[in-house]
Each structure stands twice: as C-alpha cells, then as structure tokens.
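Q: Pasting target_38.cif below, which is mmCIF, C-alpha atoms.
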```
data_upload
loop_
_atom_site.label_atom_id
_atom_site.label_comp_id
_atom_site.auth_asym_id
_atom_site.auth_seq_id
_atom_site.Cartn_x
_atom_site.Cartn_y
_atom_site.Cartn_z
CA MET A 1266 37.36 -27.01 39.99
CA ALA A 1267 37.67 -24.22 37.42
CA ALA A 1268 34.73 -23.76 35.13
CA ARG A 1269 35.24 -25.16 31.67
CA ALA A 1270 35.34 -22.70 28.81
CA PRO A 1271 32.51 -23.15 26.32
CA SER A 1272 33.45 -25.17 23.28
CA VAL A 1273 33.70 -23.73 19.80
CA VAL A 1274 30.68 -25.83 18.83
CA ALA A 1275 28.62 -24.42 21.71
CA LEU A 1276 29.56 -20.88 20.74
CA ALA A 1277 28.63 -21.58 17.14
CA LEU A 1278 25.25 -22.96 18.22
CA CYS A 1279 24.60 -19.86 20.31
CA ALA A 1280 25.48 -17.64 17.38
CA THR A 1281 23.20 -19.62 15.09
CA ALA A 1282 20.32 -19.44 17.53
CA ALA A 1283 20.54 -15.66 17.95
CA PRO A 1284 17.62 -13.99 16.19
CA ALA A 1285 18.35 -11.78 13.21
CA GLN A 1286 18.28 -8.09 14.05
CA ARG A 1287 15.92 -5.78 12.18
CA PRO A 1288 17.75 -3.33 9.96
CA GLY A 1289 17.28 0.42 10.19
CA PRO A 1290 14.48 2.14 8.25
CA ARG A 1291 13.85 0.62 4.85
CA LEU A 1292 11.77 1.46 1.81
CA TYR A 1293 10.43 -1.54 -0.12
CA VAL A 1294 9.59 -1.18 -3.81
CA SER A 1295 7.65 -3.91 -5.62
CA ASN A 1296 8.87 -4.31 -9.22
CA GLU A 1297 5.94 -5.69 -11.21
CA ILE A 1298 7.86 -6.93 -14.27
CA ALA A 1299 11.19 -7.77 -12.60
CA ASN A 1300 9.43 -10.01 -10.01
CA THR A 1301 11.55 -8.50 -7.25
CA ILE A 1302 11.42 -6.07 -4.37
CA SER A 1303 14.12 -3.40 -4.24
CA VAL A 1304 15.19 -2.52 -0.70
CA ILE A 1305 16.25 1.10 -0.23
CA ALA A 1306 17.98 2.61 2.80
CA PRO A 1307 16.31 6.03 3.13
CA ALA A 1308 19.28 7.45 5.06
CA THR A 1309 21.56 7.05 2.04
CA GLY A 1310 19.03 6.92 -0.77
CA SER A 1311 20.63 3.77 -2.15
CA VAL A 1312 19.43 0.27 -2.99
CA VAL A 1313 20.89 -2.06 -0.37
CA GLY A 1314 19.26 -5.30 -1.46
CA THR A 1315 16.98 -7.09 -3.88
CA ILE A 1316 14.48 -9.74 -2.78
CA ALA A 1317 13.37 -12.35 -5.30
CA VAL A 1318 9.63 -12.96 -5.02
CA GLY A 1319 6.98 -14.55 -7.21
CA LYS A 1320 5.33 -13.34 -10.39
CA ARG A 1321 3.84 -9.86 -10.71
CA PRO A 1322 4.36 -8.37 -7.24
CA ARG A 1323 2.15 -5.36 -6.65
CA GLY A 1324 0.54 -4.33 -3.36
CA MET A 1325 2.43 -4.67 -0.06
CA ALA A 1326 1.48 -4.42 3.62
CA LEU A 1327 3.43 -4.42 6.89
CA SER A 1328 2.47 -6.54 9.90
CA PRO A 1329 1.57 -4.58 13.07
CA ASP A 1330 4.80 -5.67 14.77
CA GLY A 1331 6.88 -4.52 11.79
CA HIS A 1332 8.58 -7.90 11.37
CA THR A 1333 6.81 -9.12 8.24
CA VAL A 1334 5.94 -7.73 4.83
CA TYR A 1335 3.17 -9.28 2.74
CA VAL A 1336 3.24 -8.85 -1.03
CA ALA A 1337 0.47 -9.71 -3.51
CA LEU A 1338 1.79 -11.98 -6.29
CA GLY A 1339 -0.79 -11.59 -9.01
CA GLN A 1340 0.36 -14.32 -11.38
CA ASP A 1341 1.07 -16.81 -8.60
CA ASP A 1342 -2.37 -16.38 -6.99
CA ALA A 1343 -0.54 -16.02 -3.69
CA ILE A 1344 0.72 -13.68 -1.00
CA GLY A 1345 4.48 -13.72 -0.43
CA VAL A 1346 5.61 -13.56 3.21
CA ILE A 1347 8.89 -11.66 3.74
CA ASP A 1348 10.98 -11.70 6.90
CA VAL A 1349 12.13 -8.08 7.28
CA ALA A 1350 15.20 -8.92 9.37
CA LYS A 1351 16.40 -11.51 6.85
CA ALA A 1352 15.13 -9.62 3.77
CA THR A 1353 13.97 -12.96 2.38
CA MET A 1354 10.64 -14.39 1.27
CA THR A 1355 10.06 -17.35 3.61
CA ARG A 1356 6.74 -18.77 2.36
CA THR A 1357 3.62 -18.06 0.34
CA LEU A 1358 -0.07 -18.18 1.22
CA PRO A 1359 -2.81 -19.11 -1.28
CA ALA A 1360 -4.79 -15.95 -2.00
CA GLY A 1361 -7.33 -16.78 -4.70
CA ARG A 1362 -7.10 -15.69 -8.31
CA ASP A 1363 -5.07 -12.57 -9.19
CA PRO A 1364 -4.53 -10.74 -5.88
CA GLU A 1365 -3.65 -7.09 -6.48
CA LEU A 1366 -3.56 -5.22 -3.17
CA VAL A 1367 -3.35 -6.51 0.41
CA VAL A 1368 -3.98 -5.13 3.91
CA VAL A 1369 -3.47 -6.63 7.37
CA SER A 1370 -5.99 -6.69 10.21
CA PRO A 1371 -5.03 -4.60 13.28
CA ASP A 1372 -4.33 -7.79 15.26
CA GLY A 1373 -2.08 -9.13 12.48
CA ARG A 1374 -4.01 -12.40 12.17
CA THR A 1375 -5.83 -11.88 8.87
CA LEU A 1376 -4.93 -10.63 5.41
CA PHE A 1377 -7.52 -9.08 3.11
CA VAL A 1378 -6.87 -9.00 -0.64
CA SER A 1379 -8.57 -7.63 -3.74
CA ASN A 1380 -8.81 -10.37 -6.39
CA GLU A 1381 -8.98 -8.32 -9.57
CA GLU A 1382 -9.68 -10.93 -12.22
CA ILE A 1383 -12.49 -12.76 -10.40
CA ALA A 1384 -14.12 -9.68 -8.80
CA HIS A 1385 -13.78 -10.97 -5.24
CA ALA A 1386 -12.33 -9.77 -1.95
CA SER A 1387 -10.79 -12.52 0.16
CA ALA A 1388 -9.66 -13.00 3.75
CA ILE A 1389 -6.73 -15.30 4.63
CA ASP A 1390 -5.73 -16.64 8.04
CA VAL A 1391 -2.03 -15.79 8.44
CA ALA A 1392 -1.23 -18.69 10.80
CA THR A 1393 -2.93 -21.49 8.85
CA GLY A 1394 -3.06 -20.09 5.32
CA GLN A 1395 -6.74 -21.00 5.16
CA MET A 1396 -9.21 -18.84 3.25
CA ARG A 1397 -11.73 -17.40 5.71
CA PHE A 1398 -14.00 -16.02 3.02
CA SER A 1399 -14.04 -14.93 -0.62
CA THR A 1400 -16.85 -12.49 -1.37
CA PRO A 1401 -18.07 -11.25 -4.78
CA VAL A 1402 -17.70 -7.47 -5.06
CA GLY A 1403 -17.72 -5.01 -7.96
CA VAL A 1404 -15.93 -5.62 -11.25
CA GLU A 1405 -12.11 -5.24 -11.17
CA PRO A 1406 -11.57 -4.66 -7.45
CA GLU A 1407 -8.33 -2.91 -6.55
CA GLY A 1408 -8.15 -0.57 -3.56
CA ILE A 1409 -8.66 -2.22 -0.18
CA GLY A 1410 -8.52 -0.98 3.39
CA ILE A 1411 -9.62 -1.94 6.90
CA THR A 1412 -10.98 0.24 9.68
CA ARG A 1413 -8.90 0.98 12.74
CA ASP A 1414 -11.10 -1.27 14.90
CA GLY A 1415 -10.83 -4.11 12.37
CA THR A 1416 -14.58 -4.49 11.82
CA LYS A 1417 -15.08 -3.29 8.23
CA VAL A 1418 -13.23 -3.71 4.95
CA TYR A 1419 -13.61 -1.29 2.02
CA VAL A 1420 -12.95 -2.44 -1.55
CA THR A 1421 -13.04 -0.33 -4.72
CA ALA A 1422 -14.29 -1.64 -8.08
CA GLU A 1423 -12.73 0.02 -11.11
CA THR A 1424 -15.43 -0.91 -13.64
CA SER A 1425 -18.46 -0.80 -11.33
CA ASN A 1426 -17.47 2.64 -9.99
CA ASN A 1427 -18.31 1.74 -6.41
CA VAL A 1428 -16.95 0.73 -3.03
CA SER A 1429 -18.14 -2.42 -1.27
CA VAL A 1430 -18.17 -2.32 2.53
CA LEU A 1431 -17.68 -5.80 4.01
CA ASP A 1432 -18.03 -7.25 7.47
CA ALA A 1433 -14.41 -8.16 8.22
CA LYS A 1434 -15.40 -11.27 10.17
CA THR A 1435 -17.98 -12.83 7.85
CA GLY A 1436 -17.31 -11.18 4.50
CA ALA A 1437 -20.95 -10.13 4.18
CA VAL A 1438 -21.52 -7.03 2.04
CA LEU A 1439 -22.89 -4.35 4.37
CA ARG A 1440 -23.21 -1.55 1.85
CA THR A 1441 -22.30 -0.51 -1.69
CA ILE A 1442 -21.34 3.14 -2.20
CA HIS A 1443 -21.23 4.90 -5.57
CA VAL A 1444 -18.04 6.92 -6.12
CA GLY A 1445 -16.16 8.48 -9.04
CA ASP A 1446 -15.28 6.70 -12.29
CA ASN A 1447 -12.54 4.06 -12.13
CA PRO A 1448 -11.84 4.17 -8.36
CA ARG A 1449 -8.32 3.05 -7.48
CA THR A 1450 -7.42 3.63 -3.84
CA VAL A 1451 -8.97 3.43 -0.38
CA ALA A 1452 -7.05 5.60 2.11
CA PHE A 1453 -8.04 6.32 5.71
CA THR A 1454 -7.38 9.71 7.27
CA PRO A 1455 -4.95 9.52 10.22
CA ASP A 1456 -7.79 9.69 12.75
CA GLY A 1457 -9.56 6.80 11.02
CA ARG A 1458 -12.85 8.70 10.70
CA HIS A 1459 -12.91 9.19 6.94
CA VAL A 1460 -12.07 7.19 3.82
CA TRP A 1461 -10.76 8.88 0.70
CA VAL A 1462 -11.35 7.12 -2.62
CA SER A 1463 -9.40 8.29 -5.66
CA ALA A 1464 -11.14 8.01 -9.04
CA GLU A 1465 -8.62 7.76 -11.86
CA ALA A 1466 -10.94 8.34 -14.83
CA GLY A 1467 -13.19 10.67 -12.84
CA GLY A 1468 -10.26 12.82 -11.77
CA ASN A 1469 -11.70 13.30 -8.30
CA VAL A 1470 -11.77 12.11 -4.71
CA THR A 1471 -14.83 10.91 -2.79
CA VAL A 1472 -14.78 11.30 1.00
CA ILE A 1473 -16.78 8.73 3.00
CA ASP A 1474 -17.73 8.90 6.68
CA VAL A 1475 -16.65 5.61 8.33
CA ALA A 1476 -19.30 5.71 11.08
CA THR A 1477 -22.26 6.02 8.69
CA ASP A 1478 -20.76 4.91 5.35
CA SER A 1479 -22.28 8.00 3.77
CA VAL A 1480 -20.60 10.23 1.18
CA LEU A 1481 -19.55 13.53 2.75
CA ARG A 1482 -18.26 15.23 -0.38
CA GLN A 1483 -16.55 14.76 -3.72
CA PHE A 1484 -13.99 17.18 -5.14
CA PRO A 1485 -11.86 17.37 -8.32
CA ILE A 1486 -8.08 17.04 -8.46
CA ARG A 1487 -7.01 20.10 -10.42
CA ASP A 1488 -8.83 20.06 -13.78
CA GLY A 1489 -10.28 16.60 -13.22
CA LYS A 1490 -8.08 15.10 -15.95
CA THR A 1491 -4.90 14.23 -14.04
CA LYS A 1492 -5.97 10.67 -13.11
CA PRO A 1493 -5.22 10.38 -9.36
CA VAL A 1494 -4.19 6.96 -8.10
CA ARG A 1495 -2.58 6.44 -4.67
CA ILE A 1496 -2.87 8.63 -1.57
CA ALA A 1497 -0.64 9.38 1.45
CA PHE A 1498 -1.63 11.63 4.35
CA SER A 1499 0.71 13.73 6.47
CA PRO A 1500 0.70 12.55 10.11
CA ASP A 1501 -0.97 15.78 11.23
CA ALA A 1502 -3.75 15.23 8.63
CA ARG A 1503 -3.23 18.71 7.16
CA LEU A 1504 -2.09 17.52 3.74
CA ALA A 1505 -2.72 14.64 1.37
CA TYR A 1506 -0.41 13.66 -1.48
CA LEU A 1507 -1.83 11.97 -4.59
CA THR A 1508 0.14 10.32 -7.38
CA GLU A 1509 -1.16 11.05 -10.87
CA GLY A 1510 0.09 8.38 -13.24
CA ALA A 1511 -0.89 9.90 -16.58
CA ALA A 1512 0.23 13.41 -15.61
CA ALA A 1513 3.60 12.34 -14.12
CA THR A 1514 2.92 14.53 -11.10
CA VAL A 1515 1.95 14.52 -7.43
CA SER A 1516 -0.83 16.80 -6.23
CA VAL A 1517 -0.64 18.31 -2.75
CA VAL A 1518 -4.12 18.69 -1.24
CA ASP A 1519 -5.19 20.86 1.67
CA VAL A 1520 -7.38 18.34 3.51
CA ALA A 1521 -9.58 20.84 5.35
CA ALA A 1522 -10.26 22.86 2.20
CA SER A 1523 -10.44 19.82 -0.17
CA ARG A 1524 -8.32 21.79 -2.59
CA VAL A 1525 -5.07 21.21 -4.51
CA VAL A 1526 -2.46 23.71 -3.32
CA ASP A 1527 0.60 22.54 -5.25
CA THR A 1528 1.77 20.14 -7.95
CA ILE A 1529 5.12 18.34 -8.04
CA PRO A 1530 6.53 16.91 -11.32
CA VAL A 1531 8.10 13.44 -10.91
CA GLY A 1532 8.99 10.54 -13.22
CA LYS A 1533 6.75 8.78 -15.72
CA ARG A 1534 3.64 7.02 -14.43
CA PRO A 1535 3.96 7.60 -10.68
CA TRP A 1536 1.87 5.01 -8.86
CA GLY A 1537 2.92 3.90 -5.38
CA ILE A 1538 3.53 6.55 -2.73
CA ALA A 1539 5.04 6.59 0.77
CA LEU A 1540 5.81 9.27 3.33
CA SER A 1541 8.57 9.10 5.92
CA PRO A 1542 7.35 9.10 9.56
CA ASP A 1543 8.75 12.59 10.11
CA ALA A 1544 6.94 13.74 6.92
CA LYS A 1545 10.13 15.32 5.56
CA ARG A 1546 10.51 12.99 2.58
CA LEU A 1547 7.89 11.77 0.13
CA TYR A 1548 8.59 8.89 -2.25
CA THR A 1549 6.88 7.87 -5.50
CA ALA A 1550 7.27 4.71 -7.57
CA ASP A 1551 7.64 5.96 -11.14
CA GLY A 1552 6.57 2.89 -13.11
CA ARG A 1553 7.63 3.96 -16.60
CA SER A 1554 10.90 5.51 -15.44
CA ASN A 1555 11.99 2.49 -13.37
CA GLN A 1556 12.88 4.78 -10.49
CA VAL A 1557 11.77 6.14 -7.14
CA SER A 1558 11.53 9.92 -6.83
CA VAL A 1559 12.55 11.44 -3.49
CA ILE A 1560 10.71 14.67 -2.68
CA ASP A 1561 11.57 17.26 -0.05
CA THR A 1562 8.14 18.08 1.39
CA GLU A 1563 9.22 21.54 2.54
CA THR A 1564 10.43 22.74 -0.85
CA ARG A 1565 8.14 20.34 -2.74
CA LYS A 1566 10.93 19.50 -5.14
CA VAL A 1567 12.45 16.21 -6.25
CA VAL A 1568 15.87 16.07 -4.60
CA ALA A 1569 16.96 12.62 -5.83
CA THR A 1570 15.95 9.70 -8.00
CA ILE A 1571 16.83 6.08 -7.21
CA PRO A 1572 16.99 3.45 -9.99
CA VAL A 1573 15.08 0.28 -9.12
CA GLY A 1574 13.72 -2.76 -10.97
CA ASP A 1575 11.47 -3.02 -13.99
CA ARG A 1576 8.05 -1.38 -13.54
CA PRO A 1577 7.98 -0.28 -9.87
CA ASN A 1578 4.43 -0.42 -8.58
CA ASP A 1579 3.96 -0.07 -4.82
CA LEU A 1580 5.98 1.49 -1.99
CA LEU A 1581 6.14 0.56 1.69
CA TYR A 1582 8.09 2.53 4.31
CA ILE A 1583 9.32 0.33 7.20
CA PRO A 1584 10.41 2.48 10.20
#
```
Take the structure in the file and write it out as structure tokens.

A:
Amino acid sequence: MAARAPSVVALALCATAAPAQRPGPRLYVSNEIANTISVIAPATGSVVGTIAVGKRPRGMALSPDGHTVYVALGQDDAIGVIDVAKATMTRTLPAGRDPELVVVSPDGRTLFVSNEEIAHASAIDVATGQMRFSTPVGVEPEGIGITRDGTKVYVTAETSNNVSVLDAKTGAVLRTIHVGDNPRTVAFTPDGRHVWVSAEAGGNVTVIDVATDSVLRQFPIRDGKTKPVRIAFSPDARLAYLTEGAAATVSVVDVAASRVVDTIPVGKRPWGIALSPDAKRLYTADGRSNQVSVIDTETRKVVATIPVGDRPNDLLYIP
C-alpha cells in the first residue's frame, strides 16, 4: 500500500511546533521614557523592530545561551523577560522596589539587580521568580556586576561613594570599598581579574583587584570634570571606552597606562555603551538626542546615527 501523504493539518501542526529561529546580530536599546526597546540590525544600521515593555526600562542583560534578554523595569518593580527569537516580552519577574540595572549569573539561573530607591541589591531565581535575598547596601545603588566564577557580586552606591561586595549565594556583605564620588558602573576587565568603577562626580576610575578586593589605583578621566558613566573594554583588554554624559563624549583609555588617549564627540548625554564582538564598531545611547551613535573604532569617528525611542538609556549587543 502506498504511504499516505501528510494532511494539511499535520503540516500546519509541524510548522507551528517548529521553534523560532534566532535572528542575526542585534543591538537592543532600552528607551526609558518611551517604555520600549528599539531593535537595531548592526549590519544595516537600521531599526528593525520595537518591543513594548513595562515602565521605565533601563539596564539589560543577556542570558548565557543568548536566547533571553532581561530588562529592569523601574516603575513596575519587575524584570521583563524577552524572547530574542520572537522579539517579544513573554513574562515579568518581581524584582523589588525600583530595579535599575541587572546582571545574570554565569549559570543563567539567578538575576541580580540594584534596587535604587530602597538601597538594596536583590537576587531572583529565574525559574521560579522567587526572591533569593534582598540585602541593604549603600544609598542609591546602581552599578552591579558578578565575578566570572559566580561567587561575588559588586554593587555601587551613588550617594555613599562605595562598592558593596556580596556573597552571591547568601547575599551577605563581605566587604565595603570606598571609591570615587557618585560611582555609576561596575565593569570587569576581559580576564575577570579587575573591576573598574566609574565615578561620575569624581571624574575618575577606581580599579579593584577581584582576588583581594583591594584598591589597586585610581586615575582621572581627562580633567576630572567629564563625568564618566558606562564602560566597555576591547576584547584584547588594551582599550577601555567610557561614556561621559555631561560632556557628550566618549573617552578612549589605554588600560595598561591608565591614561586617556583620545576623545570622541557623540550626541547629547551618552549613557549606555556597547562594542561589537570584532571591536570595529562602538555604539553609544545618546539619551538627550534620542539616538544611537555608531563609531568606527579605527578612525574614532562617528560614522552614523540611528534614531530610536525617547530617552535611550542602555545598550546590549546580541551576537
């Protein structure tokens, strides 16, 4: 007997069941006032989609498998969970009051957030949505990062001018480190050995040794008045790029020398920053210009600007 051809219904079911394919490289931009994420295709430099999220989206983080983006929704007291393949927010997780920035543990099971308004840092179980801990830290926490081995979490406090080092499992405060005035960002060097902390009001960067949690050095960014915010390192760890919101510039820092070697003018109030994996393109979220600046890292010039939503805040490059 000849085999029966599959029915139209069966074919439709198969098509429905097929998993969505991940798109090519994407750049996500959180628009703090528009309550959206603009999705940019880096290959064309154009906006290819807009994702509706909750209120006041700021910090974003990518899951280790690259399938999920987490976005802090400050006025919803939640973390939005975005399916990258579908470019859709699929659920939210309770995150405590006023989450600002978010990072993911190396195993992808836990989110860590800075809760600005209540001066806490919180840990959330991704699978269950349960709060694992919520620990008091310095006043107005913002920057947050986790070590490569997933054992320690670092949280800046803008008003207390310090960094709290937490046990990632229990939330216990292991150490408090004094840094520059109004610290904004925690950024790990590519080898994971050092933490850089930008101080906006102090106009400097403090470098912390991860193994000992001791301050190695502190150095100014140009004249100390440019107000550095976010940091991105080149993959080879030779250079660091710092957005300077008040100055509308990006400083290029020689990491080994701890010295600014160039300055790149961009749009108004650059905040978020992202570097392409090949390090050829640098992107800044220019909050007061409602655009993303695209920088050629060889010439250190802006080669394009991309209009996005109202008040772009953070950037996330998805390979």

Q: Under the PyMOL selection byres ((chain A and resi 1305-1318) around 7), which residues of this model are included? Write them out as a list in words.

A: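 Selected by the PyMOL selection byres ((chain A and resi 1305-1318) around 7) in this file: Pro1290, Arg1291, Leu1292, Tyr1293, Asn1300, Thr1301, Ile1302, Ser1303, Val1304, Gly1319, Lys1320, Gly1345, Ala1352, Thr1353, Met1354 and Ile1571 of chain A.
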
Q: For Asp1446 in chain A, find every residue with an atom within 12 Å (counting all atoms listed in the file), except residues of its own chain fewer than 4 positions away, and show them as number ranges by chain.

A: A: 1421-1428, 1450, 1462-1471, 1483, 1485, 1489-1490, 1492-1494

Q: Write the residues of the preceding selection, restricted to C-alpha atoms, as a JSON list (two decimals), in the coordinates of the input.

A:
```
[["chain", "number", "residue", "atom", "x", "y", "z"],
["A", 1421, "THR", "CA", -13.04, -0.33, -4.72],
["A", 1422, "ALA", "CA", -14.29, -1.64, -8.08],
["A", 1423, "GLU", "CA", -12.73, 0.02, -11.11],
["A", 1424, "THR", "CA", -15.43, -0.91, -13.64],
["A", 1425, "SER", "CA", -18.46, -0.80, -11.33],
["A", 1426, "ASN", "CA", -17.47, 2.64, -9.99],
["A", 1427, "ASN", "CA", -18.31, 1.74, -6.41],
["A", 1428, "VAL", "CA", -16.95, 0.73, -3.03],
["A", 1450, "THR", "CA", -7.42, 3.63, -3.84],
["A", 1462, "VAL", "CA", -11.35, 7.12, -2.62],
["A", 1463, "SER", "CA", -9.40, 8.29, -5.66],
["A", 1464, "ALA", "CA", -11.14, 8.01, -9.04],
["A", 1465, "GLU", "CA", -8.62, 7.76, -11.86],
["A", 1466, "ALA", "CA", -10.94, 8.34, -14.83],
["A", 1467, "GLY", "CA", -13.19, 10.67, -12.84],
["A", 1468, "GLY", "CA", -10.26, 12.82, -11.77],
["A", 1469, "ASN", "CA", -11.70, 13.30, -8.30],
["A", 1470, "VAL", "CA", -11.77, 12.11, -4.71],
["A", 1471, "THR", "CA", -14.83, 10.91, -2.79],
["A", 1483, "GLN", "CA", -16.55, 14.76, -3.72],
["A", 1485, "PRO", "CA", -11.86, 17.37, -8.32],
["A", 1489, "GLY", "CA", -10.28, 16.60, -13.22],
["A", 1490, "LYS", "CA", -8.08, 15.10, -15.95],
["A", 1492, "LYS", "CA", -5.97, 10.67, -13.11],
["A", 1493, "PRO", "CA", -5.22, 10.38, -9.36],
["A", 1494, "VAL", "CA", -4.19, 6.96, -8.10]]
```

Q: Any idea what's packed within 9 Å of Pro1500 in chain A, counting only C-alpha atoms, ignoring anything in its chain fewer than 2 positions away? Could you give it as a ChimeraX atom specification?

A: /A:1455,1498,1502-1504,1542-1544

Q: Need the shell around range 1364-1377 of chain A: protein/DNA/RNA residues with any atom at most 8 Å away, counting all atoms listed in the file. Skip same-chain ones fewer than 4 positions apart. Format as a PDB file with C-alpha atoms, in the frame of the given file?

A:
```pdb
ATOM      1  CA  ARG A1323       2.150  -5.360  -6.650  1.00  0.00           C
ATOM      2  CA  GLY A1324       0.540  -4.330  -3.360  1.00  0.00           C
ATOM      3  CA  MET A1325       2.430  -4.670  -0.060  1.00  0.00           C
ATOM      4  CA  ALA A1326       1.480  -4.420   3.620  1.00  0.00           C
ATOM      5  CA  LEU A1327       3.430  -4.420   6.890  1.00  0.00           C
ATOM      6  CA  SER A1328       2.470  -6.540   9.900  1.00  0.00           C
ATOM      7  CA  PRO A1329       1.570  -4.580  13.070  1.00  0.00           C
ATOM      8  CA  TYR A1335       3.170  -9.280   2.740  1.00  0.00           C
ATOM      9  CA  VAL A1336       3.240  -8.850  -1.030  1.00  0.00           C
ATOM     10  CA  ALA A1337       0.470  -9.710  -3.510  1.00  0.00           C
ATOM     11  CA  LEU A1338       1.790 -11.980  -6.290  1.00  0.00           C
ATOM     12  CA  GLY A1339      -0.790 -11.590  -9.010  1.00  0.00           C
ATOM     13  CA  ASP A1342      -2.370 -16.380  -6.990  1.00  0.00           C
ATOM     14  CA  ALA A1343      -0.540 -16.020  -3.690  1.00  0.00           C
ATOM     15  CA  ILE A1344       0.720 -13.680  -1.000  1.00  0.00           C
ATOM     16  CA  ALA A1360      -4.790 -15.950  -2.000  1.00  0.00           C
ATOM     17  CA  GLU A1381      -8.980  -8.320  -9.570  1.00  0.00           C
ATOM     18  CA  ALA A1386     -12.330  -9.770  -1.950  1.00  0.00           C
ATOM     19  CA  SER A1387     -10.790 -12.520   0.160  1.00  0.00           C
ATOM     20  CA  ALA A1388      -9.660 -13.000   3.750  1.00  0.00           C
ATOM     21  CA  ILE A1389      -6.730 -15.300   4.630  1.00  0.00           C
ATOM     22  CA  ASP A1390      -5.730 -16.640   8.040  1.00  0.00           C
ATOM     23  CA  VAL A1391      -2.030 -15.790   8.440  1.00  0.00           C
ATOM     24  CA  ALA A1392      -1.230 -18.690  10.800  1.00  0.00           C
ATOM     25  CA  GLU A1407      -8.330  -2.910  -6.550  1.00  0.00           C
ATOM     26  CA  GLY A1408      -8.150  -0.570  -3.560  1.00  0.00           C
ATOM     27  CA  ILE A1409      -8.660  -2.220  -0.180  1.00  0.00           C
ATOM     28  CA  GLY A1410      -8.520  -0.980   3.390  1.00  0.00           C
ATOM     29  CA  ILE A1411      -9.620  -1.940   6.900  1.00  0.00           C
ATOM     30  CA  ARG A1413      -8.900   0.980  12.740  1.00  0.00           C
ATOM     31  CA  ASP A1414     -11.100  -1.270  14.900  1.00  0.00           C
ATOM     32  CA  GLY A1415     -10.830  -4.110  12.370  1.00  0.00           C
TER      33      GLY A1415
END
```

Q: Excluding Val1472 in chain A and its own-chain neighbours fewer than 2 positions away, which residues fall within 6 Å of it when counting only C-alpha atoms? Please give them as a tab-separated table (two decimals) with C-alpha atoms, in the frame of the given file.

A:
```tsv
chain	number	residue	atom	x	y	z
A	1460	VAL	CA	-12.07	7.19	3.82
A	1461	TRP	CA	-10.76	8.88	0.70
A	1480	VAL	CA	-20.60	10.23	1.18
A	1481	LEU	CA	-19.55	13.53	2.75
A	1482	ARG	CA	-18.26	15.23	-0.38
```

Q: Pull the neighbourhood of (8.3, 5.8, -15.3) for me: all residues within 10 Å in file coordinates, counting all atoms listed in the file, as a compact mmCIF listing (two decimals) with C-alpha atoms, keeping the file's coordinate frame.

A:
```txt
# COMPACT_ATOMS: atom_id res chain seq x y z
CA GLY A 1510 0.09 8.38 -13.24
CA ALA A 1513 3.60 12.34 -14.12
CA VAL A 1531 8.10 13.44 -10.91
CA GLY A 1532 8.99 10.54 -13.22
CA LYS A 1533 6.75 8.78 -15.72
CA ARG A 1534 3.64 7.02 -14.43
CA PRO A 1535 3.96 7.60 -10.68
CA TRP A 1536 1.87 5.01 -8.86
CA ALA A 1550 7.27 4.71 -7.57
CA ASP A 1551 7.64 5.96 -11.14
CA GLY A 1552 6.57 2.89 -13.11
CA ARG A 1553 7.63 3.96 -16.60
CA SER A 1554 10.90 5.51 -15.44
CA ASN A 1555 11.99 2.49 -13.37
CA GLN A 1556 12.88 4.78 -10.49
CA VAL A 1557 11.77 6.14 -7.14
CA SER A 1558 11.53 9.92 -6.83
CA ASP A 1575 11.47 -3.02 -13.99
CA ARG A 1576 8.05 -1.38 -13.54
CA PRO A 1577 7.98 -0.28 -9.87
CA ASN A 1578 4.43 -0.42 -8.58
```

Q: Go ahead and compute the interatomic distance for CA of Ala1521 in chain A and CA of His1443 in chain A, in Å to one decimal.

A: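 Interatomic distance, CA of Ala1521 in chain A to CA of His1443 in chain A: 22.6 Å.
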
Q: So how many Å separate CA of Asp1561 in chain A and CA of Arg1546 in chain A, to one decimal?

A: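 Going from CA of Asp1561 in chain A over to CA of Arg1546 in chain A, I get 5.1 Å.
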
Q: Could you tell me which of A:Asp1488, A:Val1525, A:Glu1382, A:Gly1574 comes closest to Ala1512 in chain A if we count all atoms listed in the file?

A: A:Asp1488

Q: So how far away is CA of Val1520 in chain A from CA of Ala1497 in chain A, in Å?

A: 11.4 Å

Q: Nearest to Ile1496 in chain A: which of A:Thr1435, A:Val1526, A:Ser1479, A:Leu1580 is it, counting all atoms listed in the file?

A: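 Of all the options, A:Leu1580 lies closest to Ile1496 in chain A.
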
Q: Any chance you could resolve the PyMOL selection byres ((chain A and resi 1350) around 12) against this file and give the residues as a PyMOL selection string?

A: chain A and resi 1284-1291+1304+1331-1334+1347-1349+1351-1355+1583

Q: Would you kindly return, as a list of chain:residue names, each protein, DNA or RNA residue with an atom no farther than 9 Å from any atom of Tyr1548 in chain A, considering all atoms listed in the file and excluding same-chain residues fewer than 4 positions away?

A: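 Residues near the query, excluding close chain neighbours: A:Gly1537, A:Ile1538, A:Ala1539, A:Leu1540, A:Ser1541, A:Val1557, A:Ser1558, A:Val1559, A:Ile1560, A:Leu1580.
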
Q: Restricting the output to C-alpha atoms, write the selected residues as an mmCIF file, in the frame of the given file.

A:
```cif
data_model
loop_
_atom_site.group_PDB
_atom_site.id
_atom_site.type_symbol
_atom_site.label_atom_id
_atom_site.label_comp_id
_atom_site.auth_asym_id
_atom_site.auth_seq_id
_atom_site.Cartn_x
_atom_site.Cartn_y
_atom_site.Cartn_z
ATOM 1 C CA GLY A 1537 2.920 3.900 -5.380
ATOM 2 C CA ILE A 1538 3.530 6.550 -2.730
ATOM 3 C CA ALA A 1539 5.040 6.590 0.770
ATOM 4 C CA LEU A 1540 5.810 9.270 3.330
ATOM 5 C CA SER A 1541 8.570 9.100 5.920
ATOM 6 C CA VAL A 1557 11.770 6.140 -7.140
ATOM 7 C CA SER A 1558 11.530 9.920 -6.830
ATOM 8 C CA VAL A 1559 12.550 11.440 -3.490
ATOM 9 C CA ILE A 1560 10.710 14.670 -2.680
ATOM 10 C CA LEU A 1580 5.980 1.490 -1.990
#
```
